[in-house]
Each structure stands twice: as C-alpha cells, then as structure tokens.
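Shown here: final.cif, mmCIF, C-alpha atoms.
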data_final
loop_
_atom_site.group_PDB
_atom_site.id
_atom_site.type_symbol
_atom_site.label_atom_id
_atom_site.label_comp_id
_atom_site.auth_asym_id
_atom_site.auth_seq_id
_atom_site.Cartn_x
_atom_site.Cartn_y
_atom_site.Cartn_z
ATOM 1 C CA MET A 1 0.000 0.000 0.000
ATOM 2 C CA ASN A 2 1.250 3.461 -0.877
ATOM 3 C CA ARG A 3 0.985 5.274 2.456
ATOM 4 C CA GLU A 4 1.040 8.738 0.886
ATOM 5 C CA SER A 5 -1.775 8.210 -1.607
ATOM 6 C CA GLY A 6 -3.682 5.484 0.195
ATOM 7 C CA GLN A 7 -3.671 3.474 -3.050
ATOM 8 C CA PRO A 8 -2.144 0.049 -3.688
ATOM 9 C CA ARG A 9 1.250 0.100 -5.358
ATOM 10 C CA VAL A 10 1.579 -0.479 -9.087
ATOM 11 C CA SER A 11 4.675 -1.488 -11.017
ATOM 12 C CA ASP A 12 4.571 1.696 -13.093
ATOM 13 C CA ALA A 13 1.907 4.337 -12.454
ATOM 14 C CA LEU A 14 2.074 5.748 -15.982
ATOM 15 C CA LEU A 15 1.750 2.278 -17.498
ATOM 16 C CA PHE A 16 -1.179 1.437 -15.260
ATOM 17 C CA GLN A 17 -3.032 4.646 -16.101
ATOM 18 C CA ALA A 18 -2.322 4.143 -19.806
ATOM 19 C CA ALA A 19 -3.892 0.672 -19.665
ATOM 20 C CA LEU A 20 -6.978 1.932 -17.820
ATOM 21 C CA ARG A 21 -7.323 4.765 -20.301
ATOM 22 C CA ARG A 22 -7.143 2.349 -23.249
ATOM 23 C CA PHE A 23 -9.679 -0.001 -21.680
ATOM 24 C CA ASP A 24 -12.038 2.913 -21.071
ATOM 25 C CA GLU A 25 -11.554 4.211 -24.615
ATOM 26 C CA GLU A 26 -12.506 0.820 -26.011
ATOM 27 C CA ASN A 27 -15.594 0.541 -23.800
ATOM 28 C CA SER A 28 -16.609 4.126 -24.583
ATOM 29 C CA ARG A 29 -17.409 2.930 -28.113
ATOM 30 C CA ASP A 30 -20.318 0.821 -26.860
ATOM 31 C CA PRO A 31 -23.401 1.914 -28.844
ATOM 32 C CA ASN A 32 -25.632 0.660 -26.018
ATOM 33 C CA VAL A 33 -26.252 3.193 -23.276
ATOM 34 C CA GLU A 34 -27.305 3.170 -19.651
ATOM 35 C CA ILE A 35 -28.850 6.138 -17.892
ATOM 36 C CA VAL A 36 -26.792 7.051 -14.822
ATOM 37 C CA ASP A 37 -27.883 10.078 -12.808
ATOM 38 C CA GLY A 38 -29.911 11.265 -15.773
ATOM 39 C CA ILE A 39 -27.018 10.982 -18.234
ATOM 40 C CA ALA A 40 -26.763 8.405 -21.043
ATOM 41 C CA ARG A 41 -23.385 6.669 -20.871
ATOM 42 C CA PRO A 42 -21.814 3.711 -22.734
ATOM 43 C CA ARG A 43 -23.056 0.576 -20.964
ATOM 44 C CA GLU A 44 -19.769 -1.336 -20.829
ATOM 45 C CA LEU A 45 -17.859 1.694 -19.573
ATOM 46 C CA VAL A 46 -20.363 1.998 -16.732
ATOM 47 C CA TYR A 47 -20.051 -1.720 -16.039
ATOM 48 C CA ALA A 48 -16.238 -1.526 -15.874
ATOM 49 C CA GLU A 49 -16.421 1.347 -13.397
ATOM 50 C CA ARG A 50 -18.926 -0.486 -11.215
ATOM 51 C CA LEU A 51 -16.881 -3.670 -11.220
ATOM 52 C CA THR A 52 -13.725 -1.744 -10.347
ATOM 53 C CA ASN A 53 -15.529 -0.021 -7.475
ATOM 54 C CA TRP A 54 -16.722 -3.338 -6.046
ATOM 55 C CA VAL A 55 -13.275 -4.908 -6.325
ATOM 56 C CA LEU A 56 -11.761 -2.022 -4.374
ATOM 57 C CA LYS A 57 -14.563 -2.110 -1.823
ATOM 58 C CA LEU A 58 -13.987 -5.814 -1.232
ATOM 59 C CA CYS A 59 -10.198 -5.588 -1.381
ATOM 60 C CA PRO A 60 -8.775 -2.049 -0.952
ATOM 61 C CA ASP A 61 -5.234 -3.353 -1.507
ATOM 62 C CA ALA A 62 -6.188 -5.308 -4.641
ATOM 63 C CA SER A 63 -3.265 -6.327 -6.815
ATOM 64 C CA GLU A 64 -2.453 -4.438 -9.977
ATOM 65 C CA GLU A 65 -3.451 -7.437 -12.094
ATOM 66 C CA LEU A 66 -6.803 -7.710 -10.335
ATOM 67 C CA ARG A 67 -7.619 -4.044 -10.861
ATOM 68 C CA LEU A 68 -6.646 -4.285 -14.516
ATOM 69 C CA ALA A 69 -8.812 -7.396 -14.935
ATOM 70 C CA ALA A 70 -11.782 -5.649 -13.355
ATOM 71 C CA ARG A 71 -11.485 -2.765 -15.793
ATOM 72 C CA CYS A 72 -11.432 -4.996 -18.866
ATOM 73 C CA GLN A 73 -13.599 -7.944 -17.809
ATOM 74 C CA HIS A 74 -16.315 -7.170 -20.384
ATOM 75 C CA ILE A 75 -14.212 -5.158 -22.837
ATOM 76 C CA CYS A 76 -16.050 -4.581 -26.146
ATOM 77 C CA ARG A 77 -18.697 -7.122 -25.122
ATOM 78 C CA TRP A 78 -21.291 -5.732 -27.537
ATOM 79 C CA THR A 79 -19.283 -6.920 -30.546
ATOM 80 C CA ILE A 80 -20.202 -10.583 -29.913
ATOM 81 C CA ARG A 81 -23.977 -10.653 -29.814
ATOM 82 C CA ARG A 82 -26.055 -13.417 -28.291
ATOM 83 C CA ASP A 83 -28.368 -13.542 -31.325
ATOM 84 C CA ARG A 84 -25.504 -14.836 -33.476
ATOM 85 C CA TYR A 85 -25.712 -18.133 -31.601
ATOM 86 C CA PRO A 86 -28.433 -20.798 -31.521
ATOM 87 C CA LEU A 87 -31.216 -20.552 -28.980
ATOM 88 C CA GLY A 88 -31.069 -22.828 -25.966
ATOM 89 C CA ARG A 89 -28.501 -23.719 -23.352
ATOM 90 C CA ALA A 90 -25.856 -25.085 -25.733
ATOM 91 C CA GLY A 91 -25.901 -21.866 -27.772
ATOM 92 C CA TYR A 92 -25.790 -19.772 -24.615
ATOM 93 C CA LEU A 93 -22.801 -21.655 -23.202
ATOM 94 C CA LYS A 94 -20.931 -21.395 -26.525
ATOM 95 C CA TRP A 95 -21.590 -17.628 -26.568
ATOM 96 C CA ARG A 96 -20.312 -17.230 -22.999
ATOM 97 C CA GLU A 97 -17.182 -19.255 -23.715
ATOM 98 C CA ASP A 98 -16.418 -17.262 -26.869
ATOM 99 C CA LEU A 99 -16.970 -14.027 -24.933
ATOM 100 C CA LYS A 100 -14.459 -15.013 -22.243
ATOM 101 C CA ARG A 101 -11.855 -15.865 -24.860
ATOM 102 C CA PHE A 102 -12.505 -12.637 -26.737
ATOM 103 C CA HIS A 103 -12.247 -10.491 -23.588
ATOM 104 C CA GLY A 104 -9.004 -12.214 -22.594
ATOM 105 C CA ASP A 105 -7.456 -11.779 -26.040
ATOM 106 C CA LYS A 106 -8.556 -8.144 -26.356
ATOM 107 C CA ALA A 107 -7.274 -7.270 -22.891
ATOM 108 C CA ALA A 108 -3.938 -8.972 -23.605
ATOM 109 C CA GLN A 109 -3.601 -7.041 -26.862
ATOM 110 C CA VAL A 110 -4.112 -3.704 -25.089
ATOM 111 C CA LEU A 111 -1.735 -4.564 -22.251
ATOM 112 C CA ARG A 112 1.011 -5.608 -24.677
ATOM 113 C CA GLU A 113 0.524 -2.455 -26.729
ATOM 114 C CA VAL A 114 0.989 -0.181 -23.705
ATOM 115 C CA GLY A 115 4.084 -2.131 -22.648
ATOM 116 C CA TYR A 116 3.143 -4.527 -19.845
ATOM 117 C CA PRO A 117 5.490 -7.496 -19.336
ATOM 118 C CA GLU A 118 4.178 -10.861 -20.469
ATOM 119 C CA PRO A 119 3.788 -12.411 -16.978
ATOM 120 C CA MET A 120 1.373 -9.636 -15.968
ATOM 121 C CA VAL A 121 -0.475 -9.895 -19.282
ATOM 122 C CA LEU A 122 -0.964 -13.624 -18.746
ATOM 123 C CA LYS A 123 -2.142 -13.110 -15.169
ATOM 124 C CA VAL A 124 -4.797 -10.590 -16.235
ATOM 125 C CA GLN A 125 -5.828 -12.900 -19.047
ATOM 126 C CA ALA A 126 -6.146 -15.818 -16.607
ATOM 127 C CA LEU A 127 -8.444 -13.697 -14.438
ATOM 128 C CA ASN A 128 -10.550 -12.781 -17.475
ATOM 129 C CA LEU A 129 -10.845 -16.472 -18.325
ATOM 130 C CA LYS A 130 -11.455 -17.527 -14.685
ATOM 131 C CA LYS A 131 -8.752 -20.136 -15.185
ATOM 132 C CA ASP A 132 -7.759 -20.556 -11.551
ATOM 133 C CA PHE A 133 -11.113 -19.973 -9.863
ATOM 134 C CA PRO A 134 -11.667 -20.612 -6.987
ATOM 135 C CA HIS A 135 -8.099 -21.409 -5.966
ATOM 136 C CA ASP A 136 -6.564 -18.025 -6.853
ATOM 137 C CA PRO A 137 -7.521 -15.364 -4.240
ATOM 138 C CA ASP A 138 -7.705 -12.659 -6.913
ATOM 139 C CA SER A 139 -10.180 -14.776 -8.866
ATOM 140 C CA ARG A 140 -12.371 -15.044 -5.762
ATOM 141 C CA VAL A 141 -12.454 -11.269 -5.312
ATOM 142 C CA LEU A 142 -13.280 -10.754 -8.978
ATOM 143 C CA GLU A 143 -16.072 -13.323 -8.881
ATOM 144 C CA ASP A 144 -17.487 -11.734 -5.729
ATOM 145 C CA ALA A 145 -17.453 -8.345 -7.437
ATOM 146 C CA LEU A 146 -19.167 -9.744 -10.530
ATOM 147 C CA CYS A 147 -21.948 -11.215 -8.399
ATOM 148 C CA LEU A 148 -22.388 -8.007 -6.405
ATOM 149 C CA VAL A 149 -22.595 -5.854 -9.534
ATOM 150 C CA PHE A 150 -25.315 -8.198 -10.764
ATOM 151 C CA LEU A 151 -27.277 -7.979 -7.511
ATOM 152 C CA GLU A 152 -26.974 -4.213 -7.192
ATOM 153 C CA TYR A 153 -27.583 -3.143 -10.773
ATOM 154 C CA GLN A 154 -29.046 -5.980 -12.860
ATOM 155 C CA PHE A 155 -31.042 -8.252 -10.577
ATOM 156 C CA ALA A 156 -34.204 -6.136 -10.387
ATOM 157 C CA GLY A 157 -34.517 -5.698 -14.136
ATOM 158 C CA LEU A 158 -33.884 -9.364 -14.847
ATOM 159 C CA ALA A 159 -36.267 -10.539 -12.118
ATOM 160 C CA ALA A 160 -39.059 -8.453 -13.619
ATOM 161 C CA LYS A 161 -38.941 -10.426 -16.891
ATOM 162 C CA THR A 162 -37.750 -13.874 -15.774
ATOM 163 C CA ALA A 163 -39.706 -16.789 -14.336
ATOM 164 C CA ASP A 164 -39.269 -17.098 -10.575
ATOM 165 C CA GLU A 165 -37.789 -20.606 -10.620
ATOM 166 C CA LYS A 166 -35.200 -19.652 -13.216
ATOM 167 C CA MET A 167 -34.272 -16.569 -11.196
ATOM 168 C CA ILE A 168 -34.024 -18.555 -7.964
ATOM 169 C CA ASN A 169 -31.715 -21.044 -9.654
ATOM 170 C CA ALA A 170 -29.471 -18.213 -10.900
ATOM 171 C CA LEU A 171 -29.358 -16.678 -7.423
ATOM 172 C CA ARG A 172 -28.368 -20.002 -5.881
ATOM 173 C CA LYS A 173 -25.544 -20.439 -8.380
ATOM 174 C CA SER A 174 -24.241 -16.948 -7.634
ATOM 175 C CA TRP A 175 -24.526 -17.482 -3.877
ATOM 176 C CA ASN A 176 -22.566 -20.723 -4.053
ATOM 177 C CA LYS A 177 -19.676 -18.941 -5.776
ATOM 178 C CA MET A 178 -19.506 -16.048 -3.305
ATOM 179 C CA THR A 179 -17.299 -15.799 -0.235
ATOM 180 C CA PRO A 180 -18.834 -15.133 3.217
ATOM 181 C CA ALA A 181 -17.692 -11.503 3.036
ATOM 182 C CA ALA A 182 -19.437 -10.973 -0.296
ATOM 183 C CA ARG A 183 -22.576 -12.666 1.006
ATOM 184 C CA ASP A 184 -22.657 -10.156 3.867
ATOM 185 C CA TRP A 185 -22.461 -7.300 1.352
ATOM 186 C CA ALA A 186 -25.160 -8.923 -0.788
ATOM 187 C CA LEU A 187 -27.677 -8.881 2.055
ATOM 188 C CA LYS A 188 -27.194 -5.203 2.895
ATOM 189 C CA PRO A 189 -29.083 -3.457 0.059
ATOM 190 C CA HIS A 190 -32.772 -2.659 0.409
ATOM 191 C CA TYR A 191 -34.527 -4.928 -2.084
ATOM 192 C CA GLU A 192 -38.064 -4.514 -3.329
ATOM 193 C CA PRO A 193 -40.548 -7.083 -1.923
ATOM 194 C CA ASN A 194 -40.463 -9.349 -4.986
ATOM 195 C CA GLU A 195 -36.664 -9.314 -5.135
ATOM 196 C CA LYS A 196 -36.391 -9.962 -1.386
ATOM 197 C CA SER A 197 -38.817 -12.865 -1.736
ATOM 198 C CA LEU A 198 -36.717 -14.399 -4.512
ATOM 199 C CA ILE A 199 -33.548 -14.095 -2.434
ATOM 200 C CA ASP A 200 -35.241 -15.599 0.616
ATOM 201 C CA ARG A 201 -36.504 -18.524 -1.431
ATOM 202 C CA ALA A 202 -33.114 -19.033 -3.061
ATOM 203 C CA LEU A 203 -31.347 -19.117 0.303
ATOM 204 C CA ALA A 204 -33.931 -21.218 2.132
ATOM 205 C CA PRO A 205 -32.651 -24.647 3.169
ATOM 206 C CA ASP A 206 -33.948 -27.586 1.190
ATOM 207 C CA PRO A 207 -36.998 -29.163 2.874
#
Here is a file; write its structure as structure tokens.
Amino acid sequence: MNRESGQPRVSDALLFQAALRRFDEENSRDPNVEIVDGIARPRELVYAERLTNWVLKLCPDASEELRLAARCQHICRWTIRRDRYPLGRAGYLKWREDLKRFHGDKAAQVLREVGYPEPMVLKVQALNLKKDFPHDPDSRVLEDALCLVFLEYQFAGLAAKTADEKMINALRKSWNKMTPAARDWALKPHYEPNEKSLIDRALAPDP
C-alpha cells in the first residue's frame, strides 16, 4: 500500500493509467447506453467502473493485475452478440465461452501495446478467463465483485422479466460462488418485496 496516496502500489503508475485509459476508450465505443444520474453513458464503460468499485470495496489493496482485470472484464462485449448463436442452453454456453476468450485476447492485446510485461499480461488474461477460480484469491475477489454488480444493478430488471424458478436457480448459483464476506455485502441493500422474496426462497434450506 502506498501510504502517501492510500492506493495500492503499481509497477509503473504511468503504465497502469495508460492501460486503464485504453480499456475505457474501447468501452466508450459501446453503442448501447445506460442512464446514470440522468445521463446516457456507454453501458460497458459503466459496467467496468462499477466492477472496479466493487473490487476495491472488497479488497482495498487489490493487486495491480486484479484491478486491470476488473477494468477490462467485459471489454467490447457488444461486438459478440447473443443472437448470433443458436437458442437454448448449448448456444448460450458457446456464446459465454467465446466471450471469455474474446475479452481475454482483447485485454492482452491492449496490455502488450501499452508495454506490460508478459507475466502480468498472462495473469490478467487468466483472471478474465477464470482459469484458476476458486483457488486463486484474486479470482475469488473478482467473482465476488461480478456477483455483487449483478445484484446491485441488474437483478431487479432481470427478475421483472424472468420466471421465478429460473431466477431462484441463478441466485443459488451466484450465492454458491460467493465468499462469506461478499454474502454479507449482498444482504445489505434494500430490495423490493419481490426481489427480497426471490432471495429468501433461493437461500432457504432444502426441505
């Protein structure tokens, strides 16, 4: 930890900022927008900021590789659309797998272009691909942050248009991947009655 700035150390501050800037530039091209505080902003840029914020909330001294991975986890996601794949679970899983590979390759390309050494590039790429989850501590923090972004910003909208049983199953899968610390954070927000009911049912012990 850098005691003067209160921020975790990075190998090269200029390199780190250059990488973040490039990631944000790429995500700023997202044609899809999200309204934040009354302002329309590129959706994936907003997502990257939210994921970064959760990573730092969960782990204030997060490693440089983890913070880079958070900023590029969904980089240029809109370029690989779900409707290019067959309907059904097999098509969905193929889409998700191709997305992970694409994000990892795109992030690695940017990191190499700004001058990061190969070991750090490969570490960020491994986090993007969730290669060492759950054994790598950084991968646990990133997964926790991904789940918490979903619960805080996406859960309500998805619950409104998804069958209860499907939503409960998704919540259970997320809960099983989360650490105890992340679960504590997940239960803090004020949920609307329907959302709270879904969470309660998802977390209820099997009869």
* **Nearby residues (all atoms listed in the file) at most 12 Å from segment 134-148 of chain A, same-chain spacing under 4 positions excluded, as JSON, numbers by chain** => {"A": [47, 48, 49, 50, 51, 52, 53, 54, 55, 56, 57, 58, 59, 60, 61, 62, 63, 64, 65, 66, 67, 68, 69, 70, 71, 72, 73, 74, 123, 124, 125, 126, 127, 128, 129, 130, 152, 153, 154, 155, 170, 171, 172, 173, 174, 175, 176, 177, 178, 179, 180, 181, 182, 183, 184, 185, 186, 187, 188, 189]}
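The closest residue to Ala159 of chain A, picked from A:Leu14, A:Lys131, A:Ile199, A:Asp105 and counting all atoms listed in the file, is A:Ile199.
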Can you list, as a PDB file with C-alpha atoms, in the frame of the given file, every protein, DNA or RNA residue that comes within 8 Å of segment 80-84 of chain A when you count all atoms listed in the file, leaving out same-chain residues fewer than 6 positions away?
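In the end it all went to result.pdb:
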ATOM      1  CA  TYR A  92     -25.790 -19.772 -24.615  1.00  0.00           C
ATOM      2  CA  TRP A  95     -21.590 -17.628 -26.568  1.00  0.00           C
ATOM      3  CA  LEU A  99     -16.970 -14.027 -24.933  1.00  0.00           C
TER       4      LEU A  99
END
* So what does the PyMOL selection byres ((chain A and resi 106-109) around 8) actually pick up in this one, as a ChimeraX atom specification? -> /A:23,72,75,102-105,110-113,121-122,124-125
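We find atom CA of Glu192 of chain A and atom CA of Ala160 of chain A to be spaced 11.1 Å apart.
Residue membership of the PyMOL selection byres ((chain A and resi 32) around 7) in the shown file amounts to A:Asp30, A:Pro31, A:Val33, A:Pro42, A:Arg43.
Nearest residue to Ala156 of chain A among A:Ile35, A:Glu118, A:Leu198, A:Asn169 is A:Leu198, counting only C-alpha atoms.
For the pair atom CA of Ser28 of chain A and atom CA of Val46 of chain A, the separation is 9.0 Å.
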* Residue list as a PyMOL selection string for point (-41.1, -12.4, -9.9), cut-off 9 Å, only C-alpha atoms -> chain A and resi 159-165+167+194-195+197-198
* Two-atom distance - atom CA of Arg29 of chain A, atom CA of Leu158 of chain A (Å) -> 24.5 Å
